[in-house]
>>> print(open('input-v7.cif').read())   # mmCIF, C-alpha atoms and all ligand atoms
data_run
loop_
_atom_site.group_PDB
_atom_site.id
_atom_site.type_symbol
_atom_site.label_atom_id
_atom_site.label_comp_id
_atom_site.auth_asym_id
_atom_site.auth_seq_id
_atom_site.Cartn_x
_atom_site.Cartn_y
_atom_site.Cartn_z
ATOM 1 C CA MET T 210 152.672 69.621 55.175
ATOM 2 C CA THR T 211 153.566 68.471 51.690
ATOM 3 C CA GLN T 212 151.845 71.505 50.227
ATOM 4 C CA CYS T 213 153.969 73.854 52.275
ATOM 5 C CA VAL T 214 157.278 72.384 51.161
ATOM 6 C CA SER T 215 158.688 73.567 47.846
ATOM 7 C CA LYS T 216 159.242 71.104 44.963
ATOM 8 C CA GLU T 217 162.967 71.895 45.013
ATOM 9 C CA LEU T 218 163.280 71.044 48.653
ATOM 10 C CA ALA T 219 161.301 67.874 48.149
ATOM 11 C CA ALA T 220 163.647 66.823 45.313
ATOM 12 C CA THR T 221 166.692 67.499 47.476
ATOM 13 C CA VAL T 222 165.250 65.467 50.324
ATOM 14 C CA LYS T 223 164.572 62.619 47.879
ATOM 15 C CA GLN T 224 168.116 62.701 46.603
ATOM 16 C CA CYS T 225 169.525 62.874 50.104
ATOM 17 C CA TRP T 226 167.391 59.986 51.107
ATOM 18 C CA ARG T 227 168.794 57.990 48.274
ATOM 19 C CA ARG T 228 172.317 59.071 49.143
ATOM 20 C CA GLU T 229 171.709 58.276 52.740
ATOM 21 C CA CYS T 230 172.661 61.761 53.748
ATOM 22 C CA LEU T 231 169.317 62.705 55.257
ATOM 23 C CA ALA T 232 170.878 62.538 58.698
ATOM 24 C CA ASP T 233 172.486 65.876 57.932
ATOM 25 C CA TRP T 234 168.969 67.368 57.797
ATOM 26 C CA LEU T 235 167.774 66.025 61.069
ATOM 27 C CA VAL T 236 168.716 68.911 63.336
ATOM 28 C CA PRO T 237 166.967 69.030 66.718
ATOM 29 C CA ALA T 238 164.855 72.158 67.054
ATOM 30 C CA VAL T 239 162.651 73.690 69.739
ATOM 31 C CA VAL T 240 159.317 74.739 68.391
ATOM 32 C CA GLU T 241 157.408 77.301 70.432
ATOM 33 C CA VAL T 242 153.732 77.225 69.891
ATOM 34 C CA GLN T 243 151.867 80.292 71.158
ATOM 35 C CA VAL T 244 148.182 79.657 71.621
ATOM 36 C CA THR T 245 146.303 82.964 71.476
ATOM 37 C CA ASP T 246 143.433 82.986 74.011
ATOM 38 C CA VAL T 247 139.944 83.336 72.691
ATOM 39 C CA ASN T 248 137.308 84.820 75.004
ATOM 40 C CA ASP T 249 135.274 81.671 75.213
ATOM 41 C CA ASN T 250 134.478 81.700 78.932
ATOM 42 C CA SER T 251 131.941 83.917 80.624
ATOM 43 C CA PRO T 252 132.545 85.113 84.166
ATOM 44 C CA VAL T 253 131.000 82.770 86.713
ATOM 45 C CA PHE T 254 129.467 83.746 90.042
ATOM 46 C CA ALA T 255 129.607 81.196 92.835
ATOM 47 C CA PRO T 256 127.107 81.310 94.343
ATOM 48 C CA SER T 257 124.890 83.177 91.906
ATOM 49 C CA SER T 258 122.399 84.223 94.571
ATOM 50 C CA VAL T 259 123.423 85.949 97.793
ATOM 51 C CA THR T 260 121.365 87.258 100.730
ATOM 52 C CA THR T 261 122.922 89.619 103.208
ATOM 53 C CA SER T 262 121.746 92.100 105.790
ATOM 54 C CA VAL T 263 122.823 95.569 106.748
ATOM 55 C CA PRO T 264 121.680 97.672 109.744
ATOM 56 C CA GLU T 265 119.439 100.583 108.818
ATOM 57 C CA ASP T 266 121.780 103.042 110.526
ATOM 58 C CA SER T 267 124.790 102.049 108.383
ATOM 59 C CA GLU T 268 126.881 105.021 107.396
ATOM 60 C CA VAL T 269 127.109 106.007 103.759
ATOM 61 C CA GLY T 270 130.198 104.341 102.336
ATOM 62 C CA SER T 271 130.161 101.330 104.631
ATOM 63 C CA ASN T 272 130.721 97.914 103.068
ATOM 64 C CA VAL T 273 127.827 95.538 102.551
ATOM 65 C CA THR T 274 129.294 92.464 100.833
ATOM 66 C CA VAL T 275 131.278 91.331 97.857
ATOM 67 C CA VAL T 276 129.801 88.930 95.293
ATOM 68 C CA PRO T 277 132.874 87.623 93.469
ATOM 69 C CA ALA T 278 132.998 86.180 89.976
ATOM 70 C CA THR T 279 135.830 84.290 88.216
ATOM 71 C CA ASP T 280 136.699 83.827 84.574
ATOM 72 C CA LYS T 281 138.758 80.923 83.157
ATOM 73 C CA ASP T 282 140.227 82.908 80.302
ATOM 74 C CA SER T 283 143.447 84.869 80.478
ATOM 75 C CA SER T 284 144.519 88.468 80.168
ATOM 76 C CA PHE T 285 141.725 90.892 79.211
ATOM 77 C CA ASN T 286 139.406 88.005 78.620
ATOM 78 C CA LYS T 287 139.403 87.236 82.348
ATOM 79 C CA GLU T 288 139.576 90.770 83.677
ATOM 80 C CA ILE T 289 136.252 91.465 85.328
ATOM 81 C CA ARG T 290 134.454 94.752 85.850
ATOM 82 C CA TYR T 291 131.382 94.867 88.124
ATOM 83 C CA LEU T 292 128.154 96.808 87.710
ATOM 84 C CA LEU T 293 125.115 97.093 89.962
ATOM 85 C CA ARG T 294 121.501 97.247 88.845
ATOM 86 C CA GLY T 295 118.543 98.256 91.026
ATOM 87 C CA GLY T 296 118.697 99.518 94.598
ATOM 88 C CA GLU T 297 117.199 102.969 93.998
ATOM 89 C CA GLY T 298 120.558 104.662 94.372
ATOM 90 C CA ARG T 299 121.033 103.325 97.902
ATOM 91 C CA PHE T 300 123.924 101.049 96.953
ATOM 92 C CA ASP T 301 127.105 101.302 94.949
ATOM 93 C CA ILE T 302 129.636 98.734 93.692
ATOM 94 C CA ASP T 303 133.387 99.057 93.233
ATOM 95 C CA PRO T 304 133.927 98.090 89.550
ATOM 96 C CA VAL T 305 137.230 96.332 90.233
ATOM 97 C CA SER T 306 136.804 94.697 93.665
ATOM 98 C CA GLY T 307 133.059 94.099 93.368
ATOM 99 C CA MET T 308 132.508 95.404 96.921
ATOM 100 C CA VAL T 309 128.918 96.601 97.367
ATOM 101 C CA SER T 310 128.607 99.586 99.698
ATOM 102 C CA VAL T 311 125.911 101.868 101.103
ATOM 103 C CA ALA T 312 125.487 104.937 98.884
ATOM 104 C CA ALA T 313 122.622 106.737 100.685
ATOM 105 C CA ALA T 314 120.876 106.636 104.074
ATOM 106 C CA LEU T 315 118.665 103.589 104.698
ATOM 107 C CA ASP T 316 115.447 103.347 106.710
ATOM 108 C CA ARG T 317 113.934 99.919 107.446
ATOM 109 C CA GLU T 318 110.574 101.498 108.242
ATOM 110 C CA THR T 319 110.456 102.900 104.682
ATOM 111 C CA LYS T 320 111.982 99.954 102.787
ATOM 112 C CA ALA T 321 113.130 96.745 104.447
ATOM 113 C CA GLU T 322 114.811 94.969 101.526
ATOM 114 C CA TYR T 323 116.394 95.592 98.152
ATOM 115 C CA ASN T 324 116.705 93.180 95.242
ATOM 116 C CA LEU T 325 119.898 93.995 93.377
ATOM 117 C CA LEU T 326 121.549 92.506 90.336
ATOM 118 C CA VAL T 327 125.351 92.278 90.221
ATOM 119 C CA VAL T 328 126.762 92.117 86.691
ATOM 120 C CA ALA T 329 130.297 90.837 86.029
ATOM 121 C CA GLU T 330 131.649 91.616 82.576
ATOM 122 C CA ASP T 331 135.045 90.569 81.238
ATOM 123 C CA GLN T 332 137.133 92.891 79.085
ATOM 124 C CA GLY T 333 137.339 90.574 76.045
ATOM 125 C CA ARG T 334 136.150 91.561 72.570
ATOM 126 C CA PRO T 335 133.340 90.861 72.452
ATOM 127 C CA ALA T 336 132.874 90.937 76.198
ATOM 128 C CA ARG T 337 131.047 88.184 78.043
ATOM 129 C CA SER T 338 129.054 88.737 81.223
ATOM 130 C CA ALA T 339 127.135 87.005 83.989
ATOM 131 C CA THR T 340 124.697 88.186 86.651
ATOM 132 C CA ALA T 341 124.084 87.295 90.281
ATOM 133 C CA SER T 342 121.140 88.304 92.423
ATOM 134 C CA LEU T 343 121.860 90.073 95.679
ATOM 135 C CA LEU T 344 119.127 90.471 98.280
ATOM 136 C CA VAL T 345 120.016 93.099 100.882
ATOM 137 C CA GLN T 346 117.809 92.959 103.974
ATOM 138 C CA VAL T 347 117.799 96.126 106.057
ATOM 139 C CA SER T 348 117.889 95.104 109.722
ATOM 140 C CA ASP T 349 116.066 97.098 112.374
ATOM 141 C CA VAL T 350 117.601 99.589 114.747
ATOM 142 C CA ASN T 351 115.562 101.160 117.549
ATOM 143 C CA ASP T 352 115.372 104.571 115.924
ATOM 144 C CA ASN T 353 111.716 105.467 116.582
ATOM 145 C CA VAL T 354 110.262 106.811 119.810
ATOM 146 C CA PRO T 355 106.706 105.647 120.665
ATOM 147 C CA GLU T 356 104.228 108.405 119.774
ATOM 148 C CA PHE T 357 100.931 108.894 121.634
ATOM 149 C CA SER T 358 97.852 109.257 119.440
ATOM 150 C CA VAL T 359 97.141 112.600 121.113
ATOM 151 C CA ALA T 360 99.383 114.887 123.124
ATOM 152 C CA GLU T 361 96.851 115.166 125.965
ATOM 153 C CA TYR T 362 94.073 112.717 126.791
ATOM 154 C CA GLN T 363 90.958 114.086 128.496
ATOM 155 C CA VAL T 364 88.207 112.164 130.204
ATOM 156 C CA GLU T 365 85.295 112.967 132.517
ATOM 157 C CA VAL T 366 84.198 110.583 135.204
ATOM 158 C CA LEU T 367 81.307 110.715 137.653
ATOM 159 C CA GLU T 368 82.485 110.855 141.217
ATOM 160 C CA THR T 369 80.218 107.911 141.992
ATOM 161 C CA GLU T 370 81.983 105.517 139.582
ATOM 162 C CA SER T 371 83.464 102.621 141.427
ATOM 163 C CA ALA T 372 86.999 101.251 141.418
ATOM 164 C CA GLY T 373 87.694 99.073 138.385
ATOM 165 C CA LYS T 374 85.863 101.394 135.991
ATOM 166 C CA SER T 375 87.779 101.754 132.688
ATOM 167 C CA LEU T 376 88.238 105.391 131.781
ATOM 168 C CA LEU T 377 90.136 105.356 128.499
ATOM 169 C CA THR T 378 92.844 103.494 126.607
ATOM 170 C CA LEU T 379 96.125 105.135 125.783
ATOM 171 C CA SER T 380 97.698 104.255 122.475
ATOM 172 C CA ALA T 381 101.230 104.924 121.292
ATOM 173 C CA VAL T 382 102.623 103.787 117.946
ATOM 174 C CA ASP T 383 106.201 102.667 117.396
ATOM 175 C CA PRO T 384 106.998 101.508 113.844
ATOM 176 C CA ASP T 385 110.183 99.629 114.807
ATOM 177 C CA GLU T 386 110.371 95.834 114.650
ATOM 178 C CA GLY T 387 109.883 93.324 117.484
ATOM 179 C CA ALA T 388 110.969 94.516 120.924
ATOM 180 C CA ASN T 389 112.065 97.853 119.439
ATOM 181 C CA GLY T 390 108.415 98.571 118.643
ATOM 182 C CA ARG T 391 106.742 96.900 121.642
ATOM 183 C CA VAL T 392 105.216 99.658 123.770
ATOM 184 C CA SER T 393 104.415 99.546 127.472
ATOM 185 C CA TYR T 394 102.653 102.208 129.502
ATOM 186 C CA SER T 395 103.092 103.608 132.981
ATOM 187 C CA ILE T 396 101.940 106.481 135.186
ATOM 188 C CA LEU T 397 104.870 108.659 136.183
ATOM 189 C CA GLN T 398 102.988 111.122 138.347
ATOM 190 C CA GLN T 399 99.507 111.801 139.679
ATOM 191 C CA ASN T 400 98.557 115.320 140.580
ATOM 192 C CA PRO T 401 97.304 115.820 143.276
ATOM 193 C CA SER T 402 99.139 112.808 144.568
ATOM 194 C CA SER T 403 97.569 110.201 146.835
ATOM 195 C CA ASP T 404 98.474 106.987 148.518
ATOM 196 C CA PRO T 405 97.233 104.605 147.294
ATOM 197 C CA ALA T 406 97.109 106.028 143.757
ATOM 198 C CA VAL T 407 93.634 106.778 142.390
ATOM 199 C CA PHE T 408 94.372 105.373 138.934
ATOM 200 C CA GLU T 409 95.838 102.200 137.522
ATOM 201 C CA LEU T 410 97.302 101.815 134.035
ATOM 202 C CA ASP T 411 97.561 98.416 132.345
ATOM 203 C CA SER T 412 101.147 98.405 131.096
ATOM 204 C CA SER T 413 100.480 96.384 127.961
ATOM 205 C CA SER T 414 96.957 97.426 126.910
ATOM 206 C CA GLY T 415 97.223 101.068 128.003
ATOM 207 C CA THR T 416 93.812 100.937 129.690
ATOM 208 C CA LEU T 417 93.424 103.493 132.455
ATOM 209 C CA GLN T 418 91.209 102.338 135.328
ATOM 210 C CA LEU T 419 89.863 103.820 138.478
ATOM 211 C CA ALA T 420 91.573 102.181 141.462
ATOM 212 C CA GLN T 421 90.076 104.221 144.301
ATOM 213 C CA PRO T 422 86.730 105.952 144.847
ATOM 214 C CA LEU T 423 86.493 109.598 143.844
ATOM 215 C CA ASP T 424 85.075 112.521 145.739
ATOM 216 C CA TYR T 425 84.290 115.667 143.817
ATOM 217 C CA SER T 426 84.262 117.737 146.957
ATOM 218 C CA GLU T 427 87.868 116.646 147.610
ATOM 219 C CA VAL T 428 89.433 116.691 144.138
ATOM 220 C CA LYS T 429 87.751 118.088 141.016
ATOM 221 C CA MET T 430 90.501 117.303 138.534
ATOM 222 C CA TYR T 431 93.455 114.955 138.323
ATOM 223 C CA SER T 432 96.368 115.433 136.038
ATOM 224 C CA LEU T 433 98.485 112.394 135.194
ATOM 225 C CA MET T 434 101.891 112.280 133.574
ATOM 226 C CA VAL T 435 102.064 109.030 131.623
ATOM 227 C CA GLN T 436 104.865 107.371 129.712
ATOM 228 C CA ALA T 437 105.076 105.085 126.691
ATOM 229 C CA SER T 438 108.348 103.169 126.425
ATOM 230 C CA ASP T 439 109.530 100.598 123.897
ATOM 231 C CA ALA T 440 111.434 97.419 124.797
ATOM 232 C CA GLY T 441 114.525 98.281 122.772
ATOM 233 C CA THR T 442 118.023 98.487 124.223
ATOM 234 C CA PRO T 443 118.290 101.220 125.189
ATOM 235 C CA SER T 444 114.578 101.871 125.511
ATOM 236 C CA LEU T 445 113.104 105.018 123.965
ATOM 237 C CA VAL T 446 110.371 106.846 125.901
ATOM 238 C CA ARG T 447 107.741 109.486 125.276
ATOM 239 C CA ASN T 448 105.784 111.309 127.965
ATOM 240 C CA GLY T 449 102.125 112.242 127.654
ATOM 241 C CA SER T 450 99.414 113.609 129.868
ATOM 242 C CA VAL T 451 95.918 112.630 130.916
ATOM 243 C CA VAL T 452 93.423 115.036 132.471
ATOM 244 C CA VAL T 453 90.637 113.383 134.434
ATOM 245 C CA LYS T 454 87.733 115.696 135.317
ATOM 246 C CA VAL T 455 85.640 114.476 138.198
ATOM 247 C CA LYS T 456 81.943 115.200 137.650
ATOM 248 C CA ASP T 457 79.821 116.192 140.560
ATOM 249 C CA VAL T 458 76.875 114.019 141.537
ATOM 250 C CA ASN T 459 74.289 115.359 143.978
ATOM 251 C CA ASN T 460 75.139 112.758 146.562
ATOM 252 C CA ASN T 461 75.378 114.947 149.674
ATOM 253 C CA PRO T 462 72.379 116.401 151.580
ATOM 254 C CA PRO T 463 72.506 120.075 152.580
ATOM 255 C CA VAL T 464 73.430 120.509 156.203
ATOM 256 C CA PHE T 465 72.053 123.268 158.458
ATOM 257 C CA SER T 466 74.564 124.942 160.720
ATOM 258 C CA LYS T 467 72.276 124.142 163.659
ATOM 259 C CA GLU T 468 69.749 121.435 164.245
ATOM 260 C CA LYS T 469 67.363 123.894 165.889
ATOM 261 C CA TYR T 470 67.071 127.644 165.687
ATOM 262 C CA ASP T 471 65.355 129.546 168.469
ATOM 263 C CA VAL T 472 64.279 133.021 167.630
ATOM 264 C CA ALA T 473 62.081 135.531 169.429
ATOM 265 C CA VAL T 474 60.000 137.818 167.259
ATOM 266 C CA PHE T 475 58.048 140.914 168.216
ATOM 267 C CA GLU T 476 54.404 140.464 167.506
ATOM 268 C CA ASN T 477 54.198 143.730 165.627
ATOM 269 C CA LEU T 478 57.024 142.882 163.238
ATOM 270 C CA ALA T 479 56.187 144.066 159.744
ATOM 271 C CA SER T 480 55.454 141.309 157.314
ATOM 272 C CA GLY T 481 58.375 140.553 155.073
ATOM 273 C CA ALA T 482 60.945 141.583 157.658
ATOM 274 C CA SER T 483 63.800 139.140 158.051
ATOM 275 C CA ILE T 484 64.004 137.326 161.345
ATOM 276 C CA LEU T 485 66.753 134.794 160.813
ATOM 277 C CA THR T 486 69.399 133.755 158.327
ATOM 278 C CA LEU T 487 69.733 130.017 157.907
ATOM 279 C CA GLU T 488 73.209 128.782 157.298
ATOM 280 C CA VAL T 489 73.284 125.715 155.085
ATOM 281 C CA THR T 490 76.241 123.962 153.562
ATOM 282 C CA ASP T 491 76.201 121.405 150.770
ATOM 283 C CA ARG T 492 79.281 119.439 149.686
ATOM 284 C CA ASP T 493 77.784 119.178 146.221
ATOM 285 C CA GLU T 494 77.940 121.918 143.660
ATOM 286 C CA VAL T 495 74.210 122.725 143.883
ATOM 287 C CA SER T 496 72.588 125.702 145.579
ATOM 288 C CA ALA T 497 70.287 124.843 148.454
ATOM 289 C CA LYS T 498 66.609 125.672 148.211
ATOM 290 C CA TYR T 499 64.498 126.318 151.282
ATOM 291 C CA LEU T 500 61.015 125.129 151.933
ATOM 292 C CA VAL T 501 58.968 125.589 155.039
ATOM 293 C CA LEU T 502 57.454 122.194 155.622
ATOM 294 C CA SER T 503 55.189 123.167 158.555
ATOM 295 C CA SER T 504 54.686 126.061 160.930
ATOM 296 C CA VAL T 505 53.478 125.642 164.445
HETATM 297 CA CA CA T 601 136.168 85.525 79.542
HETATM 298 CA CA CA T 602 114.323 103.861 110.745
HETATM 299 CA CA CA T 603 111.164 102.096 119.014
HETATM 300 CA CA CA T 604 113.836 101.020 113.135
#
>>> encode(input="input-v7.cif", output="structure tokens")
Amino acid sequence: MTQCVSKELAATVKQCWRRECLADWLVPAVVEVQVTDVNDNSPVFAPSSVTTSVPEDSEVGSNVTVVPATDKDSSFNKEIRYLLRGGEGRFDIDPVSGMVSVAAALDRETKAEYNLLVVAEDQGRPARSATASLLVQVSDVNDNVPEFSVAEYQVEVLETESAGKSLLTLSAVDPDEGANGRVSYSILQQNPSSDPAVFELDSSSGTLQLAQPLDYSEVKMYSLMVQASDAGTPSLVRNGSVVVKVKDVNNNPPVFSKEKYDVAVFENLASGASILTLEVTDRDEVSAKYLVLSSV
């Protein structure tokens, strides 16, 4: 203080002091002190780690979350601008509000979570910044229909196979999560139809079994319309088909049209002349052969 006061002024004050006139100098004054802010505080995230989830069918532009930061300085030194790092272009951030939004279509089956970094930077010179981690989990939506491994299943079965015989196992894949991807199987239609149904399908394993005996001479081929449905709400379904070919087994004897044939033949009949046509039927798909076992 002394250094700032001139020698002349100091001498005057001394003299005044001596002359007891210093009171004239003591004038009340208001001193305004302006403290200029220094950017000595970095933005602070609270909390600095956030986990949130967003449905995979969220529209582009829809809000995800805001990860706010504060800054104890004033003016530019506390004015925050937000930036986003990571996210493969799927997310955007509003630089002023810090609102994170969806920037491109999401698909949980392709990528189920994104690790993002939110950066808050004040506008001081030099600027100070802070980062927060943001984990965005993409939640499942039932957006996949179960798909059969083949469009049409084919199987051959001997007509003599008994009920309970496993014929084949259907398999449909649904990449959704939990109930949305849990597939169950059913037979919608059997052609030709029968009551009771000839086939049984295990709804959870997809195993197709024979439920009734077969008969090639009755039905040579069955065609089934099957369905795979997931347990989502609403459920998504896919139809498929199964062709079951019944294979003939020679399990029926040929049957003559008569038990006994009486025929009168002239004694002078030329050898090789035909005397009788035997009518034989066979329920199997084999041609009958004839043997003369004995002649009387
Ligand atoms: Ca600051
Ligand atoms: Ca999807
Ligand atoms: Ca599904
Ligand atoms: Ca899905």
>>> residues_near_ligand(input="input-v7.cif", ligand="ligand CA 602 (chain T)", cutoff="8 Å", atoms="all atoms listed in the file", output="PyMOL selection string")
chain T and resi 265-266+315-319+349-353+385
>>> write_last_selection(input="input-v7.cif", atoms="C-alpha atoms", output="PDB file, in the frame of the given file")
ATOM      1  CA  GLU T 265     119.439 100.583 108.818  1.00  0.00           C
ATOM      2  CA  ASP T 266     121.780 103.042 110.526  1.00  0.00           C
ATOM      3  CA  LEU T 315     118.665 103.589 104.698  1.00  0.00           C
ATOM      4  CA  ASP T 316     115.447 103.347 106.710  1.00  0.00           C
ATOM      5  CA  ARG T 317     113.934  99.919 107.446  1.00  0.00           C
ATOM      6  CA  GLU T 318     110.574 101.498 108.242  1.00  0.00           C
ATOM      7  CA  THR T 319     110.456 102.900 104.682  1.00  0.00           C
ATOM      8  CA  ASP T 349     116.066  97.098 112.374  1.00  0.00           C
ATOM      9  CA  VAL T 350     117.601  99.589 114.747  1.00  0.00           C
ATOM     10  CA  ASN T 351     115.562 101.160 117.549  1.00  0.00           C
ATOM     11  CA  ASP T 352     115.372 104.571 115.924  1.00  0.00           C
ATOM     12  CA  ASN T 353     111.716 105.467 116.582  1.00  0.00           C
ATOM     13  CA  ASP T 385     110.183  99.629 114.807  1.00  0.00           C
TER      14      ASP T 385
END
>>> closest_residue(input="input-v7.cif", among="T:Ile289, T:Leu478, T:Val347, T:Val327", to="ligand CA 604 (chain T)", atoms="all atoms listed in the file")
T:Val347
>>> atom_distance(input="input-v7.cif", atom1="CA of Val455 in chain T", atom2="CA of Ala406 in chain T")
15.3 Å
>>> closest_residue(input="input-v7.cif", among="T:Pro252, T:Val328, T:Arg334, T:Ser348", to="Pro264 in chain T", atoms="only C-alpha atoms")
T:Ser348
>>> resolve_selection(input="input-v7.cif", expression="the PyMOL selection byres (((chain T and resi 299) around 10) and not hetatm)", output="VMD selection string")
chain T and resid 269 295 to 298 300 to 301 310 to 315 323
>>> resolve_selection(input="input-v7.cif", expression="the PyMOL selection byres (((chain T and resi 382) around 8) and not hetatm)", output="PyMOL selection string")
chain T and resi 355-358+380-381+383-384+390+392
>>> write_last_selection(input="input-v7.cif", atoms="C-alpha atoms", output="short mmCIF file (atom, residue, chain, number, x, y, z; two decimals), in the coordinates of the input")
data_model
loop_
_atom_site.label_atom_id
_atom_site.label_comp_id
_atom_site.auth_asym_id
_atom_site.auth_seq_id
_atom_site.Cartn_x
_atom_site.Cartn_y
_atom_site.Cartn_z
CA PRO T 355 106.71 105.65 120.66
CA GLU T 356 104.23 108.40 119.77
CA PHE T 357 100.93 108.89 121.63
CA SER T 358 97.85 109.26 119.44
CA SER T 380 97.70 104.26 122.48
CA ALA T 381 101.23 104.92 121.29
CA ASP T 383 106.20 102.67 117.40
CA PRO T 384 107.00 101.51 113.84
CA GLY T 390 108.42 98.57 118.64
CA VAL T 392 105.22 99.66 123.77
#
>>> closest_residue(input="input-v7.cif", among="T:Asn459, T:Glu488, T:Val407, T:Val359", to="Arg447 in chain T", atoms="all atoms listed in the file")
T:Val359
>>> closest_residue(input="input-v7.cif", among="T:Val453, T:Leu397, T:Ala440, T:Leu485", to="Val364 in chain T", atoms="only C-alpha atoms")
T:Val453
>>> closest_residue(input="input-v7.cif", among="T:Arg290, T:Arg337, T:Lys469, T:Arg391", to="ligand CA 601 (chain T)", atoms="only C-alpha atoms and all ligand atoms")
T:Arg337
>>> residues_near_ligand(input="input-v7.cif", ligand="ligand CA 601 (chain T)", cutoff="7 Å", atoms="all atoms listed in the file", output="PyMOL selection string")
chain T and resi 248-252+280-282+286-287+331+333+337
>>> closest_residue(input="input-v7.cif", among="T:Leu487, T:Leu410, T:Leu445, T:Leu417", to="ligand CA 604 (chain T)", atoms="all atoms listed in the file")
T:Leu445
>>> resolve_selection(input="input-v7.cif", expression="the PyMOL selection byres (((chain T and resi 402-404) around 10) and not hetatm)", output="list in words")
Gln398, Gln399, Asn400, Pro401, Pro405, Ala406, Val407, Phe408, Gln421, Tyr431, Ser432 and Leu433 of chain T
>>> write_last_selection(input="input-v7.cif", atoms="C-alpha atoms", output="mmCIF file, in the coordinates of the input")
data_model
loop_
_atom_site.group_PDB
_atom_site.id
_atom_site.type_symbol
_atom_site.label_atom_id
_atom_site.label_comp_id
_atom_site.auth_asym_id
_atom_site.auth_seq_id
_atom_site.Cartn_x
_atom_site.Cartn_y
_atom_site.Cartn_z
ATOM 1 C CA GLN T 398 102.988 111.122 138.347
ATOM 2 C CA GLN T 399 99.507 111.801 139.679
ATOM 3 C CA ASN T 400 98.557 115.320 140.580
ATOM 4 C CA PRO T 401 97.304 115.820 143.276
ATOM 5 C CA PRO T 405 97.233 104.605 147.294
ATOM 6 C CA ALA T 406 97.109 106.028 143.757
ATOM 7 C CA VAL T 407 93.634 106.778 142.390
ATOM 8 C CA PHE T 408 94.372 105.373 138.934
ATOM 9 C CA GLN T 421 90.076 104.221 144.301
ATOM 10 C CA TYR T 431 93.455 114.955 138.323
ATOM 11 C CA SER T 432 96.368 115.433 136.038
ATOM 12 C CA LEU T 433 98.485 112.394 135.194
#
>>> atom_distance(input="input-v7.cif", atom1="CA of Val451 in chain T", atom2="CA of Gln363 in chain T")
5.7 Å
>>> residues_around(input="input-v7.cif", residues="Ser284 in chain T", least_positions_apart="4", cutoff="9 Å", atoms="all atoms listed in the file", output="ChimeraX atom specification")
/T:246,288,332-333
>>> atom_distance(input="input-v7.cif", atom1="CA of Val458 in chain T", atom2="CA of Glu427 in chain T")
12.8 Å
>>> decode(input="input-v7.cif", residues="range 483-493 of chain T", atoms="N, CA, C and O atoms", output="PDB file, in the first residue's frame")
ATOM      1  N   SER T 483     -55.661-122.421 -74.135  1.00  0.00           N
ATOM      2  CA  SER T 483     -56.046-121.959 -72.798  1.00  0.00           C
ATOM      3  C   SER T 483     -57.399-122.509 -72.402  1.00  0.00           C
ATOM      4  O   SER T 483     -58.304-122.628 -73.218  1.00  0.00           O
ATOM      5  N   ILE T 484     -57.520-122.925 -71.179  1.00  0.00           N
ATOM      6  CA  ILE T 484     -58.763-123.543 -70.726  1.00  0.00           C
ATOM      7  C   ILE T 484     -59.450-122.711 -69.654  1.00  0.00           C
ATOM      8  O   ILE T 484     -60.644-122.819 -69.440  1.00  0.00           O
ATOM      9  N   LEU T 485     -58.681-121.840 -69.001  1.00  0.00           N
ATOM     10  CA  LEU T 485     -59.279-121.100 -67.894  1.00  0.00           C
ATOM     11  C   LEU T 485     -58.388-119.903 -67.552  1.00  0.00           C
ATOM     12  O   LEU T 485     -57.155-119.977 -67.630  1.00  0.00           O
ATOM     13  N   THR T 486     -59.018-118.810 -67.200  1.00  0.00           N
ATOM     14  CA  THR T 486     -58.249-117.668 -66.701  1.00  0.00           C
ATOM     15  C   THR T 486     -58.510-117.549 -65.206  1.00  0.00           C
ATOM     16  O   THR T 486     -59.661-117.488 -64.770  1.00  0.00           O
ATOM     17  N   LEU T 487     -57.415-117.567 -64.453  1.00  0.00           N
ATOM     18  CA  LEU T 487     -57.548-117.474 -62.996  1.00  0.00           C
ATOM     19  C   LEU T 487     -57.538-116.003 -62.604  1.00  0.00           C
ATOM     20  O   LEU T 487     -56.672-115.239 -63.037  1.00  0.00           O
ATOM     21  N   GLU T 488     -58.492-115.640 -61.823  1.00  0.00           N
ATOM     22  CA  GLU T 488     -58.517-114.258 -61.353  1.00  0.00           C
ATOM     23  C   GLU T 488     -57.959-114.210 -59.944  1.00  0.00           C
ATOM     24  O   GLU T 488     -58.474-114.861 -59.034  1.00  0.00           O
ATOM     25  N   VAL T 489     -56.871-113.446 -59.794  1.00  0.00           N
ATOM     26  CA  VAL T 489     -56.225-113.356 -58.483  1.00  0.00           C
ATOM     27  C   VAL T 489     -56.053-111.882 -58.129  1.00  0.00           C
ATOM     28  O   VAL T 489     -55.656-111.085 -58.958  1.00  0.00           O
ATOM     29  N   THR T 490     -56.357-111.552 -56.925  1.00  0.00           N
ATOM     30  CA  THR T 490     -56.084-110.184 -56.469  1.00  0.00           C
ATOM     31  C   THR T 490     -55.086-110.238 -55.320  1.00  0.00           C
ATOM     32  O   THR T 490     -55.022-111.215 -54.568  1.00  0.00           O
ATOM     33  N   ASP T 491     -54.291-109.149 -55.246  1.00  0.00           N
ATOM     34  CA  ASP T 491     -53.302-109.056 -54.162  1.00  0.00           C
ATOM     35  C   ASP T 491     -53.294-107.602 -53.702  1.00  0.00           C
ATOM     36  O   ASP T 491     -53.085-106.699 -54.506  1.00  0.00           O
ATOM     37  N   ARG T 492     -53.525-107.379 -52.407  1.00  0.00           N
ATOM     38  CA  ARG T 492     -53.572-106.010 -51.887  1.00  0.00           C
ATOM     39  C   ARG T 492     -52.191-105.359 -51.900  1.00  0.00           C
ATOM     40  O   ARG T 492     -52.053-104.144 -51.765  1.00  0.00           O
ATOM     41  N   ASP T 493     -51.155-106.186 -52.025  1.00  0.00           N
ATOM     42  CA  ASP T 493     -49.814-105.632 -52.096  1.00  0.00           C
ATOM     43  C   ASP T 493     -49.487-105.262 -53.534  1.00  0.00           C
ATOM     44  O   ASP T 493     -50.167-105.674 -54.464  1.00  0.00           O
TER      45      ASP T 493
END
